[in-house]
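For reference, data-v3.cif (mmCIF, C-alpha atoms (C1' of nucleotides)):
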data_work
loop_
_atom_site.label_atom_id
_atom_site.label_comp_id
_atom_site.auth_asym_id
_atom_site.auth_seq_id
_atom_site.Cartn_x
_atom_site.Cartn_y
_atom_site.Cartn_z
CA MET A 253 -48.47 34.19 78.59
CA LYS A 254 -51.73 35.52 77.23
CA LYS A 255 -52.99 38.70 78.79
CA LEU A 256 -55.89 38.33 81.14
CA SER A 257 -58.28 41.11 82.09
CA VAL A 258 -58.44 42.18 85.69
CA ASP A 259 -61.86 40.59 85.94
CA ALA A 260 -60.54 37.33 84.58
CA LYS A 261 -57.70 37.39 87.09
CA ILE A 262 -60.08 38.02 89.95
CA ALA A 263 -62.26 35.17 88.75
CA LEU A 264 -59.27 32.85 88.96
CA VAL A 265 -58.41 34.03 92.45
CA ARG A 266 -62.01 33.37 93.45
CA GLU A 267 -61.64 29.80 92.27
CA VAL A 268 -58.79 29.36 94.69
CA GLY A 269 -60.17 31.38 97.57
CA GLU A 270 -62.90 29.85 99.63
CA GLU A 271 -62.76 33.24 101.31
CA ILE A 272 -61.20 36.47 100.08
CA VAL A 273 -60.80 39.34 102.49
CA GLY A 274 -60.07 42.59 100.69
CA GLU A 275 -61.44 41.96 97.23
CA GLU A 276 -61.51 45.66 96.37
CA GLU A 277 -57.85 45.89 97.29
CA LEU A 278 -57.24 42.89 95.07
CA ARG A 279 -58.74 44.71 92.11
CA LYS A 280 -56.52 47.72 92.72
CA LEU A 281 -53.55 45.44 93.11
CA PHE A 282 -54.11 43.81 89.74
CA GLU A 283 -54.66 47.22 88.16
CA SER A 284 -51.39 48.58 89.47
CA LYS A 285 -49.07 45.57 89.44
CA ALA A 286 -48.36 43.05 86.76
CA HIS A 287 -46.71 40.69 89.21
CA PRO A 288 -48.15 40.86 92.70
CA ILE A 289 -46.52 38.75 95.39
CA ALA A 290 -48.43 36.02 97.16
CA TYR A 291 -46.99 33.87 99.88
CA ASP A 292 -47.72 30.57 101.51
CA GLY A 293 -45.76 28.93 104.26
CA PHE A 294 -45.37 25.35 105.32
CA GLU A 295 -43.82 23.53 108.20
CA PRO A 296 -41.84 20.59 106.92
CA SER A 297 -43.02 17.61 108.87
CA GLY A 298 -43.11 13.97 107.97
CA ASN A 299 -45.16 12.84 105.05
CA ILE A 300 -46.77 15.08 102.49
CA HIS A 301 -50.35 14.35 101.47
CA ILE A 302 -52.30 15.33 98.37
CA ALA A 303 -53.87 18.40 99.96
CA GLN A 304 -50.37 19.79 100.45
CA GLY A 305 -49.10 18.32 97.21
CA LEU A 306 -51.61 18.10 94.37
CA LEU A 307 -54.10 20.67 95.60
CA ARG A 308 -51.36 23.13 96.51
CA ALA A 309 -49.89 22.82 93.02
CA ILE A 310 -53.28 23.35 91.40
CA ASN A 311 -53.92 26.49 93.40
CA VAL A 312 -50.45 27.90 92.89
CA ASN A 313 -50.61 27.37 89.16
CA LYS A 314 -53.96 29.11 88.91
CA LEU A 315 -52.59 32.12 90.72
CA THR A 316 -49.31 32.30 88.82
CA SER A 317 -51.34 32.23 85.61
CA THR A 318 -52.63 35.68 86.60
CA GLY A 319 -49.09 37.01 86.83
CA ILE A 320 -48.77 36.51 90.56
CA LYS A 321 -45.34 35.46 91.79
CA PHE A 322 -45.35 33.02 94.65
CA ARG A 323 -43.03 33.02 97.60
CA PHE A 324 -42.95 29.81 99.53
CA TRP A 325 -41.86 30.22 103.09
CA VAL A 326 -40.10 27.07 104.14
CA ALA A 327 -40.90 27.48 107.80
CA ASP A 328 -38.12 25.40 109.31
CA TRP A 329 -37.90 27.53 112.43
CA PHE A 330 -41.65 27.35 112.82
CA GLY A 331 -41.48 23.60 112.63
CA LEU A 332 -38.86 23.76 115.33
CA LEU A 333 -41.06 26.02 117.44
CA ASN A 334 -43.95 23.61 116.95
CA ASN A 335 -41.76 20.67 117.90
CA LYS A 336 -41.99 18.99 114.52
CA MET A 337 -39.61 16.09 113.86
CA GLY A 338 -38.78 16.04 117.54
CA GLY A 339 -37.55 19.61 117.29
CA ASP A 340 -34.57 18.49 115.20
CA LEU A 341 -33.74 21.27 112.75
CA ALA A 342 -31.51 19.05 110.63
CA LYS A 343 -34.37 16.65 110.04
CA ILE A 344 -36.80 19.47 109.40
CA ARG A 345 -34.54 20.79 106.65
CA ILE A 346 -34.35 17.42 104.96
CA VAL A 347 -38.14 17.15 105.02
CA GLY A 348 -38.32 20.65 103.53
CA GLU A 349 -36.12 19.59 100.62
CA TYR A 350 -38.28 16.53 100.21
CA PHE A 351 -41.46 18.59 99.94
CA ILE A 352 -39.88 20.76 97.27
CA GLU A 353 -39.00 17.66 95.25
CA VAL A 354 -42.61 16.52 95.46
CA TRP A 355 -43.89 19.82 94.07
CA LYS A 356 -41.34 19.72 91.30
CA ALA A 357 -42.59 16.30 90.35
CA CYS A 358 -46.31 16.99 90.45
CA GLY A 359 -46.39 19.87 88.05
CA MET A 360 -46.14 23.01 90.15
CA ASP A 361 -45.15 26.08 88.10
CA MET A 362 -41.67 26.33 89.57
CA ASP A 363 -40.66 29.23 87.32
CA ASN A 364 -42.90 31.54 89.29
CA VAL A 365 -42.29 30.10 92.70
CA GLU A 366 -39.43 31.04 94.97
CA PHE A 367 -38.56 29.10 98.09
CA ILE A 368 -37.27 31.04 101.07
CA TRP A 369 -36.00 29.33 104.20
CA THR A 370 -36.96 30.99 107.46
CA SER A 371 -33.71 30.26 109.25
CA GLU A 372 -31.63 31.78 106.45
CA PHE A 373 -33.87 34.75 105.82
CA VAL A 374 -34.07 35.79 109.44
CA ARG A 375 -30.33 35.51 109.85
CA GLU A 376 -29.88 37.91 106.94
CA HIS A 377 -32.68 40.25 108.05
CA PRO A 378 -32.35 40.98 111.76
CA GLU A 379 -34.91 43.78 111.40
CA TYR A 380 -37.44 40.97 111.32
CA TRP A 381 -37.27 40.82 115.11
CA GLU A 382 -38.03 44.48 115.43
CA THR A 383 -41.28 43.81 113.61
CA VAL A 384 -42.07 40.89 115.89
CA LEU A 385 -41.59 43.11 118.93
CA LYS A 386 -43.64 45.93 117.49
CA LEU A 387 -46.45 43.54 116.62
CA SER A 388 -46.40 42.22 120.18
CA MET A 389 -46.81 45.75 121.50
CA ASN A 390 -49.90 46.29 119.40
CA THR A 391 -51.99 43.31 120.33
CA THR A 392 -52.87 41.34 123.44
CA VAL A 393 -51.82 37.99 124.85
CA ASN A 394 -55.39 36.76 124.49
CA ARG A 395 -55.60 37.72 120.86
CA VAL A 396 -52.32 36.01 120.03
CA LEU A 397 -53.28 32.90 121.95
CA ARG A 398 -56.53 32.73 120.02
CA CYS A 399 -54.44 32.19 116.89
CA GLY A 400 -53.33 28.86 118.36
CA GLN A 401 -55.11 26.81 115.73
CA ILE A 402 -52.58 27.91 113.12
CA MET A 403 -50.13 25.63 114.87
CA GLY A 404 -52.45 22.72 114.36
CA ARG A 405 -51.87 21.47 117.81
CA GLU A 406 -54.52 19.34 119.34
CA GLU A 407 -54.25 18.65 123.03
CA SER A 408 -51.07 19.58 124.76
CA THR A 409 -49.86 19.48 128.29
CA GLY A 410 -48.53 22.81 129.20
CA ASN A 411 -48.60 25.92 127.11
CA PRO A 412 -45.17 26.58 125.67
CA ALA A 413 -44.34 30.23 125.30
CA SER A 414 -43.74 29.41 121.66
CA GLN A 415 -47.49 29.80 121.30
CA ILE A 416 -46.93 33.51 121.75
CA MET A 417 -43.90 33.71 119.47
CA TYR A 418 -45.30 31.70 116.60
CA PRO A 419 -48.28 33.83 115.56
CA LEU A 420 -46.35 37.06 115.98
CA MET A 421 -43.55 35.74 113.82
CA GLN A 422 -45.95 34.48 111.21
CA ALA A 423 -47.53 37.90 110.99
CA ALA A 424 -44.07 39.42 110.62
CA ASP A 425 -43.39 37.03 107.74
CA ILE A 426 -46.10 38.63 105.65
CA HIS A 427 -44.47 42.02 105.85
CA HIS A 428 -40.87 40.94 105.41
CA LEU A 429 -41.64 38.69 102.48
CA GLY A 430 -43.21 41.69 100.82
CA ALA A 431 -46.43 39.77 100.30
CA ASP A 432 -49.39 41.56 98.83
CA ILE A 433 -51.48 38.46 99.32
CA ALA A 434 -51.46 35.96 102.16
CA GLN A 435 -52.54 32.78 100.40
CA LEU A 436 -52.80 30.10 103.04
CA GLY A 437 -55.42 27.62 104.17
CA MET A 438 -58.58 28.48 106.07
CA ASP A 439 -56.88 27.15 109.18
CA GLN A 440 -54.46 30.08 109.00
CA ARG A 441 -56.99 32.85 108.73
CA LYS A 442 -56.74 34.04 112.32
CA VAL A 443 -53.14 35.28 112.02
CA ASN A 444 -53.87 36.80 108.67
CA MET A 445 -56.72 38.75 110.22
CA LEU A 446 -54.44 39.74 113.06
CA ALA A 447 -51.96 41.07 110.52
CA ARG A 448 -54.67 43.02 108.72
CA ASP A 449 -55.68 44.59 112.01
CA ILE A 450 -52.24 45.51 113.26
CA PHE A 451 -50.29 46.36 110.11
CA PRO A 452 -51.85 49.83 109.67
CA LYS A 453 -50.73 50.74 113.18
CA LEU A 454 -47.15 50.08 112.15
CA GLY A 455 -47.52 51.80 108.82
CA PHE A 456 -47.45 48.52 106.88
CA VAL A 457 -49.79 47.65 104.04
CA PRO A 458 -52.22 44.99 105.29
CA PRO A 459 -52.29 41.82 103.20
CA ILE A 460 -55.18 40.69 101.06
CA VAL A 461 -56.17 37.34 102.49
CA VAL A 462 -57.04 34.56 100.07
CA SER A 463 -57.81 31.44 102.07
CA HIS A 464 -58.03 28.19 100.20
CA HIS A 465 -60.31 25.27 100.94
CA MET A 466 -59.10 22.59 103.32
CA LEU A 467 -59.52 19.19 101.73
CA MET A 468 -61.33 16.88 104.13
CA GLY A 469 -60.03 13.51 105.27
CA LEU A 470 -61.40 10.27 103.86
CA GLY A 471 -63.05 9.14 107.08
CA GLU A 472 -66.50 9.99 108.29
CA PRO A 473 -66.48 13.54 109.64
CA LYS A 474 -67.33 13.14 113.28
CA ALA A 475 -66.98 15.15 116.45
CA ALA A 476 -68.02 18.28 114.70
CA GLU A 477 -71.02 19.25 116.79
CA GLY A 478 -71.10 22.72 118.18
CA LEU A 479 -68.25 24.04 116.08
CA ASN A 480 -68.61 26.97 113.76
CA SER A 481 -68.02 26.33 110.09
CA VAL A 482 -64.36 27.30 110.05
CA ASP A 483 -63.48 25.29 113.15
CA ARG A 484 -65.38 22.36 111.75
CA LYS A 485 -63.45 22.44 108.49
CA ILE A 486 -60.23 22.44 110.44
CA GLU A 487 -61.47 19.57 112.59
CA ILE A 488 -62.28 17.32 109.64
CA LYS A 489 -59.40 18.23 107.35
CA MET A 490 -57.01 15.71 105.90
CA SER A 491 -54.35 15.01 108.47
CA LYS A 492 -51.15 13.06 108.34
CA SER A 493 -51.79 11.90 111.88
CA LYS A 494 -54.62 9.74 110.52
CA PRO A 495 -52.66 7.95 107.81
CA ASP A 496 -55.55 5.91 106.46
CA THR A 497 -57.70 8.96 105.85
CA ALA A 498 -55.01 10.83 103.93
CA ILE A 499 -53.53 10.00 100.54
CA PHE A 500 -49.80 10.62 100.59
CA MET A 501 -47.91 11.78 97.53
CA THR A 502 -45.72 8.72 97.58
CA ASP A 503 -48.44 6.17 98.33
CA SER A 504 -48.49 3.11 96.13
CA LYS A 505 -51.38 2.37 93.79
CA GLU A 506 -52.49 -0.31 96.23
CA ASP A 507 -52.47 2.16 99.13
CA VAL A 508 -54.55 4.59 97.14
CA SER A 509 -57.24 2.10 96.20
CA ARG A 510 -57.33 0.56 99.66
CA LYS A 511 -57.83 3.95 101.28
CA PHE A 512 -60.57 4.92 98.85
CA LYS A 513 -62.27 1.59 99.47
CA LYS A 514 -62.43 2.48 103.18
CA ALA A 515 -63.55 6.04 102.54
CA PHE A 516 -66.79 7.52 103.78
CA CYS A 517 -69.09 7.96 100.82
CA PRO A 518 -72.85 8.19 101.45
CA ALA A 519 -74.88 7.48 98.34
CA GLY A 520 -76.42 10.49 96.67
CA LYS A 521 -75.07 12.90 99.24
CA VAL A 522 -72.82 15.83 98.39
CA GLU A 523 -72.16 17.36 101.79
CA ASP A 524 -69.35 15.78 103.77
CA ASN A 525 -68.53 13.45 100.93
CA PRO A 526 -64.76 13.31 100.60
CA VAL A 527 -64.71 11.27 97.41
CA LEU A 528 -66.91 13.74 95.58
CA GLU A 529 -64.83 16.52 97.01
CA TYR A 530 -61.60 15.10 95.60
CA MET A 531 -63.29 14.74 92.23
CA LYS A 532 -64.17 18.41 92.34
CA TYR A 533 -61.00 19.94 93.72
CA ILE A 534 -58.43 17.67 92.16
CA VAL A 535 -59.57 15.30 89.44
CA PHE A 536 -61.62 17.73 87.37
CA GLU A 537 -58.96 20.37 87.85
CA ARG A 538 -56.46 18.18 86.09
CA PHE A 539 -58.56 16.20 83.61
CA ASP A 540 -60.93 17.62 81.01
CA SER A 541 -63.03 14.53 80.97
CA VAL A 542 -63.47 11.70 83.39
CA LYS A 543 -64.58 8.18 82.62
CA ILE A 544 -66.29 5.90 85.11
CA LEU A 545 -65.72 2.30 84.17
CA ARG A 546 -68.57 -0.09 84.92
CA SER A 547 -69.49 -3.54 83.80
CA GLU A 548 -72.60 -3.89 81.60
CA LYS A 549 -74.35 -5.39 84.60
CA PHE A 550 -74.32 -2.00 86.28
CA GLY A 551 -75.05 0.01 83.19
CA GLY A 552 -71.73 0.31 81.37
CA ASP A 553 -69.21 3.12 81.27
CA LEU A 554 -70.06 6.76 81.88
CA GLU A 555 -68.17 9.88 80.90
CA PHE A 556 -68.33 13.37 82.33
CA GLY A 557 -66.92 16.61 81.00
CA CYS A 558 -67.33 18.64 84.15
CA TYR A 559 -67.77 18.17 87.87
CA LYS A 560 -71.32 19.58 87.97
CA ASP A 561 -72.62 16.89 85.65
CA LEU A 562 -71.01 14.17 87.70
CA GLU A 563 -72.37 15.60 90.91
CA SER A 564 -75.94 15.76 89.68
CA ALA A 565 -75.73 12.22 88.32
CA PHE A 566 -74.47 11.08 91.71
CA VAL A 567 -77.25 12.90 93.53
CA LYS A 568 -79.80 11.25 91.26
CA GLY A 569 -78.39 7.88 92.22
CA LYS A 570 -77.04 7.16 88.76
CA ILE A 571 -73.58 6.50 90.09
CA HIS A 572 -72.93 3.93 92.77
CA PRO A 573 -70.49 5.11 95.46
CA LEU A 574 -68.16 2.18 94.85
CA ASP A 575 -67.85 3.07 91.17
CA LEU A 576 -67.15 6.66 92.13
CA LYS A 577 -64.47 5.51 94.54
CA ASP A 578 -62.76 3.29 92.01
CA CYS A 579 -62.85 6.08 89.48
CA CYS A 580 -61.45 8.67 91.88
CA ALA A 581 -58.69 6.33 93.03
CA GLU A 582 -57.76 5.63 89.43
CA TYR A 583 -57.42 9.30 88.48
CA ILE A 584 -55.65 10.34 91.65
CA ASP A 585 -53.25 7.52 91.08
CA LYS A 586 -52.55 8.79 87.56
CA LEU A 587 -51.50 12.08 89.10
CA LEU A 588 -49.15 10.33 91.49
CA VAL A 589 -47.38 8.29 88.82
CA PRO A 590 -44.96 11.07 87.84
CA VAL A 591 -44.17 11.66 91.50
CA ARG A 592 -43.34 8.02 92.05
CA GLU A 593 -41.22 8.02 88.92
CA HIS A 594 -39.32 11.09 90.00
CA PHE A 595 -38.52 9.57 93.36
CA GLU A 596 -37.46 6.38 91.68
CA LYS A 597 -35.22 7.89 88.97
CA ASP A 598 -33.78 10.98 90.62
CA LYS A 599 -31.03 10.02 93.00
CA LYS A 600 -31.22 13.10 95.17
CA ALA A 601 -34.99 12.83 95.48
CA LYS A 602 -34.81 9.15 96.26
CA GLY A 603 -32.24 9.77 98.97
CA LEU A 604 -34.42 12.42 100.55
CA MET A 605 -37.46 10.17 100.54
CA GLU A 606 -35.56 7.37 102.19
CA GLN A 607 -34.28 9.69 104.89
CA VAL A 608 -37.74 11.07 105.56
CA ARG A 609 -39.17 7.58 105.79
CA GLY A 610 -36.50 6.78 108.32
CA PHE A 611 -37.57 9.58 110.62
CA ALA A 612 -40.02 8.68 113.32
CA VAL A 613 -42.99 10.93 112.82
CA THR A 614 -43.39 13.14 115.84
CA ARG A 615 -46.87 14.43 115.22
"C1'" C B 119 -34.70 28.57 145.12
"C1'" U B 120 -38.96 26.61 148.41
"C1'" C B 121 -43.68 24.29 149.13
"C1'" C B 122 -48.18 21.72 147.38
"C1'" C B 123 -50.59 18.63 143.66
"C1'" U B 124 -49.80 15.19 139.71
"C1'" G B 125 -47.80 11.11 135.86
"C1'" U B 126 -52.40 4.14 134.67
"C1'" A B 127 -54.24 1.70 126.94
"C1'" G B 128 -54.02 6.53 121.12
"C1'" C B 129 -57.68 10.07 124.18
"C1'" U B 130 -60.69 10.92 128.89
"C1'" C B 131 -60.29 8.57 133.25
"C1'" A B 132 -61.53 4.26 137.14
"C1'" G B 133 -59.06 0.81 140.51
"C1'" U B 134 -56.49 -2.83 144.12
"C1'" G B 135 -50.45 -4.87 148.78
"C1'" G B 136 -51.17 -10.56 145.30
"C1'" U B 137 -48.83 -9.70 138.42
"C1'" A B 138 -55.28 -4.04 135.80
"C1'" G B 139 -60.43 -2.02 133.98
"C1'" A B 140 -64.47 1.35 131.46
"C1'" G B 141 -66.03 4.82 127.69
"C1'" C B 142 -64.44 6.81 123.10
"C1'" A B 143 -61.02 6.02 119.12
"C1'" G B 144 -58.42 2.23 116.29
"C1'" U B 145 -58.00 -2.64 113.95
"C1'" C B 146 -60.46 -7.17 112.08
"C1'" G B 147 -64.98 -9.85 110.70
"C1'" G B 148 -70.46 -9.97 109.44
"C1'" C B 149 -74.44 -6.95 106.91
"C1'" U B 150 -75.46 -3.94 102.66
"C1'" G B 151 -72.66 -3.77 95.01
"C1'" U B 152 -68.75 1.39 98.88
"C1'" A B 153 -68.09 3.55 103.35
"C1'" A B 154 -71.16 4.86 107.50
"C1'" C B 155 -75.07 2.96 110.87
"C1'" C B 156 -75.91 -1.82 113.33
"C1'" C B 157 -73.97 -6.63 115.22
"C1'" G B 158 -69.59 -9.51 116.76
"C1'" A B 159 -64.38 -9.81 117.92
"C1'" U B 160 -60.05 -7.35 119.40
"C1'" G B 161 -56.30 -3.92 124.69
"C1'" U B 162 -48.12 -7.50 124.59
"C1'" G B 163 -50.31 -0.29 129.13
"C1'" U B 164 -49.27 1.12 135.48
"C1'" C B 165 -42.83 7.57 133.96
"C1'" C B 166 -37.62 5.79 135.76
"C1'" C B 167 -34.42 3.86 139.80
"C1'" A B 168 -33.89 1.97 144.63
"C1'" G B 169 -36.08 0.32 149.34
"C1'" U B 170 -39.88 -2.17 152.64
"C1'" U B 171 -42.52 -6.87 151.69
"C1'" C B 172 -43.27 -13.75 150.48
"C1'" G B 173 -45.20 -10.33 146.74
"C1'" A B 174 -45.99 -3.25 144.63
"C1'" U B 175 -49.16 -0.49 139.82
"C1'" U B 176 -50.92 0.37 144.86
"C1'" C B 177 -46.39 1.94 150.70
"C1'" U B 178 -41.35 4.80 151.43
"C1'" G B 179 -37.16 7.61 149.31
"C1'" G B 180 -34.74 9.68 145.11
"C1'" G B 181 -34.98 11.10 139.97
"C1'" U B 182 -37.66 12.89 135.84
"C1'" G B 183 -42.01 15.05 133.15
"C1'" G B 184 -46.57 18.19 133.92
"C1'" G B 185 -49.64 21.74 136.83
"C1'" G B 186 -50.22 25.41 140.82
"C1'" A B 187 -48.43 28.66 144.59
"C1'" G B 188 -44.66 31.17 147.23
"C1'" A B 189 -40.02 33.66 147.78
"C1'" C B 190 -36.51 38.29 145.78
"C1'" C B 191 -38.33 43.46 144.38
"C1'" A B 192 -41.99 45.30 149.33
#
Render the structure in this file as structure tokens.
Amino acid sequence: MKKLSVDAKIALVREVGEEIVGEEELRKLFESKAHPIAYDGFEPSGNIHIAQGLLRAINVNKLTSTGIKFRFWVADWFGLLNNKMGGDLAKIRIVGEYFIEVWKACGMDMDNVEFIWTSEFVREHPEYWETVLKLSMNTTVNRVLRCGQIMGREESTGNPASQIMYPLMQAADIHHLGADIAQLGMDQRKVNMLARDIFPKLGFVPPIVVSHHMLMGLGEPKAAEGLNSVDRKIEIKMSKSKPDTAIFMTDSKEDVSRKFKKAFCPAGKVEDNPVLEYMKYIVFERFDSVKILRSEKFGGDLEFGCYKDLESAFVKGKIHPLDLKDCCAEYIDKLLVPVREHFEKDKKAKGLMEQVRGFAVTR
RNA sequence: CUCCCUGUAGCUCAGUGGUAGAGCAGUCGGCUGUAACCCGAUGUGUCCCAGUUCGAUUCUGGGUGGGGAGACCA
């Protein structure tokens, strides 16, 4: 691996982080450690879409290229707490294995990624609970409840006490995983901030928080009036509960093009344009040059070497939304080909996929 | 453990002793070289069981799920 300067490393982290809290600490971290630890956690649940698959891999690889080692927290117990897969731990574990296979297949830098299962880790580290209790003593019920959005729950009848446990446990994760950096999505920032606030009281080092962008869903972003920018992003993010506005890692080519065909894509507009967004965050991250195929009737083929050029051409009306859609679908599909192949050829992976497909999706 | 309230379409809710509606969402079609907007179409749902009744979603009882309060400590 070629040596990067601290500035170059920080620049890469900035590419991943839509928000970085503690940038000065990040500089010191890179100056003092060759291999800082970053963590991300995920609840295994049902299908895995490209924001969790492709985008996650892109971000992880950027960070590991700076020397960062990633710890992936396979949050099986959290999934249980959040009633994923009907609260069936056995199913949750199978889905967790399935997710890992997807990342293997889509090019994640597995040499610098370690997967740690919550249920196993906690069993081996009972001191984890002491941290949970101490955290609970240093914050308020209101503050913990305000972290509720990290559980991604929409409406719910009743307020399970798990809503208290979950954020406290997640904060404890950061410490016990030895994470210097909490590298989760913007939807997880509230717990990370909670951890930054409380950790000093317990004598722990507060994490640097690098929050990545939440890829929006393919539908028209609605119902977003009156929300602040973070809440809005969470509201319009890609969600497996709206299957036609999310591209899944194991979707067929036909699924991909059908979904893009239905996608919201206002001509010449950059804001709230999911297709353009996927071009930026995924396609141009993985391809040096992108070709838009058009018949002579519409002006012939176009080629772009970077996202900015494509964006300005689109804004000027030089690219029709339908051509952009077809192009984006084509390139995303190219990225899914190896995933499909893996799940076709690898027996273990194939078995996992079939089991996951057999599970009724709870939420 | 006791009492009160409550359970109707994916969501928010109407409604009637004679086999159920609205808004939003969704799906489909039309319009545009995409989608959206707009227009049109589209709802195999009354928590479960028993009873009363010619007939219950509507009444009664039990069960179960949800919410609230009380009781023990005083």
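Restricting the calculation to all atoms listed in the file, the smallest distance between chain A and any of B:G151, B:G186, B:G135, B:G125 is found for B:G151.
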- Task: May I have the protein, DNA and RNA residues with any atom at most 8 Å from the point (-38.7, 9.2, 134.1), counting all atoms listed in the file, written as number ranges by chain?
- Result: B: 165-166, 181-183
Compile a residue-level contact table for chain A against chain B at a cut-off of 9 Å, reporting for every qualifying residue the shortest atom pair and its distance in Å to one decimal, with only C-alpha atoms (C1' of nucleotides) counted, rows ordered by chain and ascending number, as JSON lines.
{"residue": "A:Thr409", "atom": "CA", "partner": "B:G184", "partner_atom": "C1'", "distance": 6.6}
{"residue": "A:Gly410", "atom": "CA", "partner": "B:G184", "partner_atom": "C1'", "distance": 6.9}
{"residue": "A:Gly471", "atom": "CA", "partner": "B:A153", "partner_atom": "C1'", "distance": 8.4}
{"residue": "A:Glu472", "atom": "CA", "partner": "B:A154", "partner_atom": "C1'", "distance": 7.0}
{"residue": "A:Phe512", "atom": "CA", "partner": "B:A153", "partner_atom": "C1'", "distance": 8.9}
{"residue": "A:Lys513", "atom": "CA", "partner": "B:U152", "partner_atom": "C1'", "distance": 6.5}
{"residue": "A:Lys514", "atom": "CA", "partner": "B:A153", "partner_atom": "C1'", "distance": 5.8}
{"residue": "A:Ala515", "atom": "CA", "partner": "B:A153", "partner_atom": "C1'", "distance": 5.2}
{"residue": "A:Phe516", "atom": "CA", "partner": "B:A153", "partner_atom": "C1'", "distance": 4.2}
{"residue": "A:Cys517", "atom": "CA", "partner": "B:A153", "partner_atom": "C1'", "distance": 5.2}
{"residue": "A:Pro518", "atom": "CA", "partner": "B:A153", "partner_atom": "C1'", "distance": 6.9}
{"residue": "A:Ala519", "atom": "CA", "partner": "B:U152", "partner_atom": "C1'", "distance": 8.7}
{"residue": "A:His572", "atom": "CA", "partner": "B:U152", "partner_atom": "C1'", "distance": 7.8}
{"residue": "A:Pro573", "atom": "CA", "partner": "B:U152", "partner_atom": "C1'", "distance": 5.3}
{"residue": "A:Leu574", "atom": "CA", "partner": "B:U152", "partner_atom": "C1'", "distance": 4.1}
{"residue": "A:Asp575", "atom": "CA", "partner": "B:U152", "partner_atom": "C1'", "distance": 7.9}
{"residue": "A:Leu576", "atom": "CA", "partner": "B:U152", "partner_atom": "C1'", "distance": 8.7}
{"residue": "A:Lys577", "atom": "CA", "partner": "B:U152", "partner_atom": "C1'", "distance": 7.4}
- Message: Please list as a ChimeraX atom specification every residue within 12 Å of C157 in chain B, counting only C-alpha atoms (C1' of nucleotides) and excluding residues in the same chain fewer than 2 positions away.
- Response: /B:147-149,155,159
Write the residues of the preceding selection, restricted to C-alpha atoms (C1' of nucleotides), as a PDB file, keeping the file's coordinate frame.
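The result, written out as out_20.pdb:
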ATOM      1  C1'   G B 147     -64.980  -9.850 110.700  1.00  0.00           C
ATOM      2  C1'   G B 148     -70.460  -9.970 109.440  1.00  0.00           C
ATOM      3  C1'   C B 149     -74.440  -6.950 106.910  1.00  0.00           C
ATOM      4  C1'   C B 155     -75.070   2.960 110.870  1.00  0.00           C
ATOM      5  C1'   A B 159     -64.380  -9.810 117.920  1.00  0.00           C
TER       6        A B 159
END
- Message: I'd like to know which of A:Arg279, A:Lys492, A:Lys285, A:His428 is closest to Arg323 in chain A, using all atoms listed in the file.
- Response: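 With all atoms listed in the file as the atom set, the closest residue is A:His428.
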- Residue IDs satisfying the PyMOL selection byres ((chain A and resi 579) around 10), as JSON, numbers by chain: {"A": [509, 512, 527, 531, 535, 542, 543, 544, 545, 546, 573, 574, 575, 576, 577, 578, 580, 581, 582, 583, 584, 585]}
- Message: Between CA of Asp292 in chain A and CA of Leu587 in chain A, what is the distance in Å, rounded to a tenth?
- Response: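 These two atoms are separated by 22.6 Å.
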- Using the chain letters and residue numbers of this document, give as a ChimeraX atom specification the residues selected by the PyMOL selection byres ((chain A and resi 494) around 12). /A:299,301,468-471,488-493,495-500,511,613,615 /B:128,143-144
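Here CA of Ile272 in chain A is placed at a distance of 25.6 Å from CA of Ser388 in chain A.
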So that all listed atoms of range 584-588 of chain A fit with 4 Å spare on each side, what axis-aligned box centre and edge lengths in Å, to one decimal, would you give as JSON?
{"center_x": -52.4, "center_y": 9.8, "center_z": 89.6, "size_x": 14.5, "size_y": 12.6, "size_z": 12.1}
- Task: Evaluate the PyMOL selection byres ((chain A and resi 318) around 12) on the structure here and hand back the selected residues as number ranges by chain.
- Result: A: 253-266, 268, 281-283, 285-290, 311-317, 319-322, 364
Could you save the residues just selected, with C-alpha atoms, as a compact mmCIF listing (two decimals), in the frame of the given file?
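again.txt, written as the output of this step:
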# COMPACT_ATOMS: atom_id res chain seq x y z
CA MET A 253 -48.47 34.19 78.59
CA LYS A 254 -51.73 35.52 77.23
CA LYS A 255 -52.99 38.70 78.79
CA LEU A 256 -55.89 38.33 81.14
CA SER A 257 -58.28 41.11 82.09
CA VAL A 258 -58.44 42.18 85.69
CA ASP A 259 -61.86 40.59 85.94
CA ALA A 260 -60.54 37.33 84.58
CA LYS A 261 -57.70 37.39 87.09
CA ILE A 262 -60.08 38.02 89.95
CA ALA A 263 -62.26 35.17 88.75
CA LEU A 264 -59.27 32.85 88.96
CA VAL A 265 -58.41 34.03 92.45
CA ARG A 266 -62.01 33.37 93.45
CA VAL A 268 -58.79 29.36 94.69
CA LEU A 281 -53.55 45.44 93.11
CA PHE A 282 -54.11 43.81 89.74
CA GLU A 283 -54.66 47.22 88.16
CA LYS A 285 -49.07 45.57 89.44
CA ALA A 286 -48.36 43.05 86.76
CA HIS A 287 -46.71 40.69 89.21
CA PRO A 288 -48.15 40.86 92.70
CA ILE A 289 -46.52 38.75 95.39
CA ALA A 290 -48.43 36.02 97.16
CA ASN A 311 -53.92 26.49 93.40
CA VAL A 312 -50.45 27.90 92.89
CA ASN A 313 -50.61 27.37 89.16
CA LYS A 314 -53.96 29.11 88.91
CA LEU A 315 -52.59 32.12 90.72
CA THR A 316 -49.31 32.30 88.82
CA SER A 317 -51.34 32.23 85.61
CA GLY A 319 -49.09 37.01 86.83
CA ILE A 320 -48.77 36.51 90.56
CA LYS A 321 -45.34 35.46 91.79
CA PHE A 322 -45.35 33.02 94.65
CA ASN A 364 -42.90 31.54 89.29
